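Presented below is the structure to which this report refers.
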Amino acid sequence: MLWISDNGDQMAQSKESVLLKISGESLSGKGEFGISRPPLESMVREIRMAREALDLHLVIVIGGGNILRGTNIKNSVFQEDTAVADYMGMLATMINCLCFRKILTQHGIESRVLSAIRCDNVCEPYHYEVALSHLEKGRVVILAGGSGMPNLSTDMTMVMRAKELGIPVVLKGTKVDGIYTENPTNNSSAVFIPQISHDDYLALDLKIVDFEAVGFARRHKMAIRVFNFFGEGNLKRVLVGKNIGSVIGGIQE
């Protein structure tokens with residue numbers, strides 16, 4: 001996996017491209033639902049710090065679980081597996097992305113929201129060439145609407161868009177330090193896993209990254225780093241190759 005060196009030069013390219021996935025729950029702060037300013041401020045500070053120190057193109061994918069989860073809507077409301085719930089979840093990501101862009105703007109960071117579901121009054125339609133053009137202009141690109149297709153998670157969007165845009169560095173920022181055998185919030189016996197192969201991750205049925213997304217990453221030989229986005233300076237540390245969080249892949253399989 002390629003990381004940026006401390007002087008801002010990437011090992012194989014002059015400018016690094018990074019895709020960062022943020023869970024919707026991260027926007028809610030201590031709760032699971034809603035949007036709160038303090039966590040947004042924290043995440044934007046991390047992005048600004050990394051951008052000021054390093055020369056990088058940044059793409060962000062944001063989930064929608066703080067507003068609604070398609071799976072829960074399918075089970076509790078519709079009581080069937082319907083694409084309607086998936087599209088509702090995609091619209092939830094759009095709300096989060098618009099919010100995140102506003103906070104970035106308030107901090108002087110230029111960005112654009114590109115959506116896989118068209119909503120031209122508030123954001124641009126996603127096209128990979130448009131995304132690359134914005135990146136070349138120094139803008140942060142925020143991808144809304146998931147993949148635009150039902151039955152695919154935003155984790156799948158994360159790896160699919162990284163592959164499509166030719167981005168070698170895939171990060172998933174969370175509220176925990178990385179991958180554990182169980183949820184460390186609820187289980188003190190959970191064991192931290194610093195690195196794991198795609199095959200072993202799938203065999204253990206771990207939950208922090210979507211199963212299908214890890215399968216896609218395995219097929220395309222992509223590594224995914226999971227880290228605590230709320231540790232001050234962690235985003236920069238990850239990008240300069242510090243041993244932060246956990247890595248799926250990047251080892252012989």
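Letters A, B, ... go to the chains of the structure tokens in the order shown; residues in each chain start at 1; ligands are counted from 1 in the same order.
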Practice item. Determine, counting only C-alpha atoms, which protein, DNA and RNA residues have an atom within 12 Å of an atom of Ala203 of chain A; residues of the same chain fewer than 5 positions away are not included. Present the result as number ranges by chain. Key: A: 181, 196-198, 211, 214-215
Can you write out the residues you just picked, keeping N, CA and C atoms, as a short mmCIF file (atom, residue, chain, number, x, y, z; two decimals), in the first residue's frame?
data_model
loop_
_atom_site.label_atom_id
_atom_site.label_comp_id
_atom_site.auth_asym_id
_atom_site.auth_seq_id
_atom_site.Cartn_x
_atom_site.Cartn_y
_atom_site.Cartn_z
N THR A 181 -11.76 -8.24 17.36
CA THR A 181 -12.48 -9.49 17.19
C THR A 181 -13.97 -9.32 17.51
N ILE A 196 -4.65 -7.94 8.92
CA ILE A 196 -5.33 -9.20 8.62
C ILE A 196 -5.51 -9.30 7.11
N SER A 197 -5.38 -10.49 6.58
CA SER A 197 -5.59 -10.68 5.15
C SER A 197 -7.07 -10.58 4.83
N HIS A 198 -7.37 -10.31 3.55
CA HIS A 198 -8.77 -10.30 3.13
C HIS A 198 -9.44 -11.63 3.45
N PHE A 211 -18.79 -6.97 4.26
CA PHE A 211 -18.27 -8.23 3.72
C PHE A 211 -18.02 -8.13 2.22
N VAL A 214 -14.99 -5.96 1.26
CA VAL A 214 -13.70 -6.63 1.45
C VAL A 214 -13.46 -7.63 0.32
N GLY A 215 -14.52 -8.33 -0.10
CA GLY A 215 -14.38 -9.24 -1.23
C GLY A 215 -13.96 -8.51 -2.50
#
Point to revise | Surrounding residues of Ile62 of chain A excluding itself and chain neighbours under 4 positions, 12 Å, only C-alpha atoms, as number ranges by chain | key: A: 19-27, 66-67, 89-101, 113-115, 141-147, 153-158, 171-174
Check your understanding: Can you list, as a PyMOL selection string, every residue of segment 53-208 of chain A that DSSP puts in strand (DSSP E)?
Key -> chain A and resi 56-62+111-115+124-125+140-144+169-174+179-180+192-193+195-196
Practice item. Kindly indicate which residue among A:His107, A:Gly178, A:Glu16, A:Asp205 lies nearest to Leu135 of chain A, using only C-alpha atoms for the distances. Key: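 Looking only at the distances to Leu135 of chain A, the closest residue turns out to be A:Glu16.
Take the candidates A:Thr82, A:Gly64, A:Arg218, A:Val130 and check each one against Ser28 of chain A using only C-alpha atoms; the shortest distance goes to A:Gly64.
Take the candidates A:Lys163, A:Lys175, A:Lys30, A:Arg45 and check each one against Glu232 of chain A using only C-alpha atoms; the shortest distance goes to A:Arg45.
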Do a neighbour search on Phe216 of chain A at 9 Å with only C-alpha atoms, toss out local chain neighbours closer than 4 positions, and write the hits as an mmCIF file with N, CA and C atoms, in the first residue's frame.
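Okay, result_37.cif is ready:
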data_model
loop_
_atom_site.group_PDB
_atom_site.id
_atom_site.type_symbol
_atom_site.label_atom_id
_atom_site.label_comp_id
_atom_site.auth_asym_id
_atom_site.auth_seq_id
_atom_site.Cartn_x
_atom_site.Cartn_y
_atom_site.Cartn_z
ATOM 1 N N MET A 156 -19.086 -0.481 0.003
ATOM 2 C CA MET A 156 -18.884 -0.893 -1.388
ATOM 3 C C MET A 156 -18.606 0.323 -2.267
ATOM 4 N N VAL A 159 -14.838 1.283 -2.012
ATOM 5 C CA VAL A 159 -13.841 0.539 -2.787
ATOM 6 C C VAL A 159 -14.108 0.642 -4.291
ATOM 7 N N MET A 160 -15.385 0.702 -4.682
ATOM 8 C CA MET A 160 -15.698 0.834 -6.102
ATOM 9 C C MET A 160 -15.213 2.163 -6.669
ATOM 10 N N PHE A 211 -18.785 -6.973 4.263
ATOM 11 C CA PHE A 211 -18.273 -8.232 3.719
ATOM 12 C C PHE A 211 -18.025 -8.129 2.216
ATOM 13 N N GLU A 212 -19.017 -7.627 1.477
ATOM 14 C CA GLU A 212 -18.877 -7.539 0.022
ATOM 15 C C GLU A 212 -17.776 -6.575 -0.380
ATOM 16 N N HIS A 220 -9.390 -6.980 -6.311
ATOM 17 C CA HIS A 220 -8.620 -5.930 -6.971
ATOM 18 C C HIS A 220 -7.341 -5.577 -6.219
ATOM 19 N N LYS A 221 -6.976 -6.425 -5.246
ATOM 20 C CA LYS A 221 -5.720 -6.275 -4.510
ATOM 21 C C LYS A 221 -5.590 -4.884 -3.876
ATOM 22 N N MET A 222 -6.672 -4.460 -3.260
ATOM 23 C CA MET A 222 -6.702 -3.176 -2.564
ATOM 24 C C MET A 222 -6.613 -3.415 -1.061
#
Exercise for review: Would you mind reading off the distance between atom CA of Val61 of chain A and atom CA of Val238 of chain A, one decimal, in Å?
Suggested key: 17.5 Å
Point to revise | Point-to-point distance in Å for atom CA of Leu152 of chain A and atom CA of Gly245 of chain A | key: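 Distance between the two atoms: 25.1 Å.
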Exercise for review: Name the residues in contact with Arg237 of chain A at a cut-off of 12 Å, using only C-alpha atoms, excluding same-chain residues fewer than 4 positions from it; report them as a list in words.
Suggested key: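 Once the adjacent positions are removed, what remains is Trp3, Ile4, Ser5, Asp6, Glu46, Ile47, Met49, Ala50, Ala53, Leu54, Phe227, Asn228, Phe229, Gly231, Glu232, Gly233, Gly241, Lys242, Asn243, Ile244 and Gly245 of chain A.
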Write the selection just made, keeping C-alpha atoms, as a PDB file, in the first residue's frame?
ATOM      1  CA  TRP A   3       1.504   6.201   1.708  1.00  0.00           C
ATOM      2  CA  ILE A   4       2.785   9.760   1.551  1.00  0.00           C
ATOM      3  CA  SER A   5       6.236  10.514   2.900  1.00  0.00           C
ATOM      4  CA  ASP A   6       6.810  13.257   5.486  1.00  0.00           C
ATOM      5  CA  GLU A  46      -8.027  16.643  10.832  1.00  0.00           C
ATOM      6  CA  ILE A  47      -8.591  17.197   7.108  1.00  0.00           C
ATOM      7  CA  MET A  49      -4.157  19.644   9.165  1.00  0.00           C
ATOM      8  CA  ALA A  50      -3.410  16.873   6.660  1.00  0.00           C
ATOM      9  CA  ALA A  53       1.070  19.443   5.708  1.00  0.00           C
ATOM     10  CA  LEU A  54       0.759  17.172   2.666  1.00  0.00           C
ATOM     11  CA  PHE A 227      -8.373   3.996  12.102  1.00  0.00           C
ATOM     12  CA  ASN A 228      -9.744   6.305  14.776  1.00  0.00           C
ATOM     13  CA  PHE A 229     -10.571   9.524  12.953  1.00  0.00           C
ATOM     14  CA  GLY A 231      -7.536  10.956  17.535  1.00  0.00           C
ATOM     15  CA  GLU A 232      -5.887  14.342  17.058  1.00  0.00           C
ATOM     16  CA  GLY A 233      -3.428  14.193  14.145  1.00  0.00           C
ATOM     17  CA  GLY A 241       2.987   5.864   7.183  1.00  0.00           C
ATOM     18  CA  LYS A 242       2.716   5.799  10.960  1.00  0.00           C
ATOM     19  CA  ASN A 243       1.430   2.572  12.457  1.00  0.00           C
ATOM     20  CA  ILE A 244      -2.108   3.731  13.217  1.00  0.00           C
ATOM     21  CA  GLY A 245      -5.189   1.539  13.194  1.00  0.00           C
TER      22      GLY A 245
END
Point to revise | segment 5-190 of chain A: residues DSSP assigns to helix (DSSP H, G or I), reported as a PyMOL selection string | key: chain A and resi 24-28+37-53+70-78+83-106+128-136+154-165
Check your understanding: Which one is closest to His127 of chain A: A:Val209, A:Arg139, A:Lys102, A:Arg161? Count only C-alpha atoms.
Key -> A:Arg161
Exercise for review: Measure the distance from atom CA of Phe33 of chain A to atom CA of Asn72 of chain A in Å and round it to one decimal.
Suggested key: 13.3 Å
Practice item. Please provide the set of residues having any atom within 8 Å of Glu110 of chain A, restricted to only C-alpha atoms, with same-chain residues fewer than 5 positions apart removed, written as a list in words. Key: Leu104, Thr105, Gly138, Arg139 and Val140 of chain A
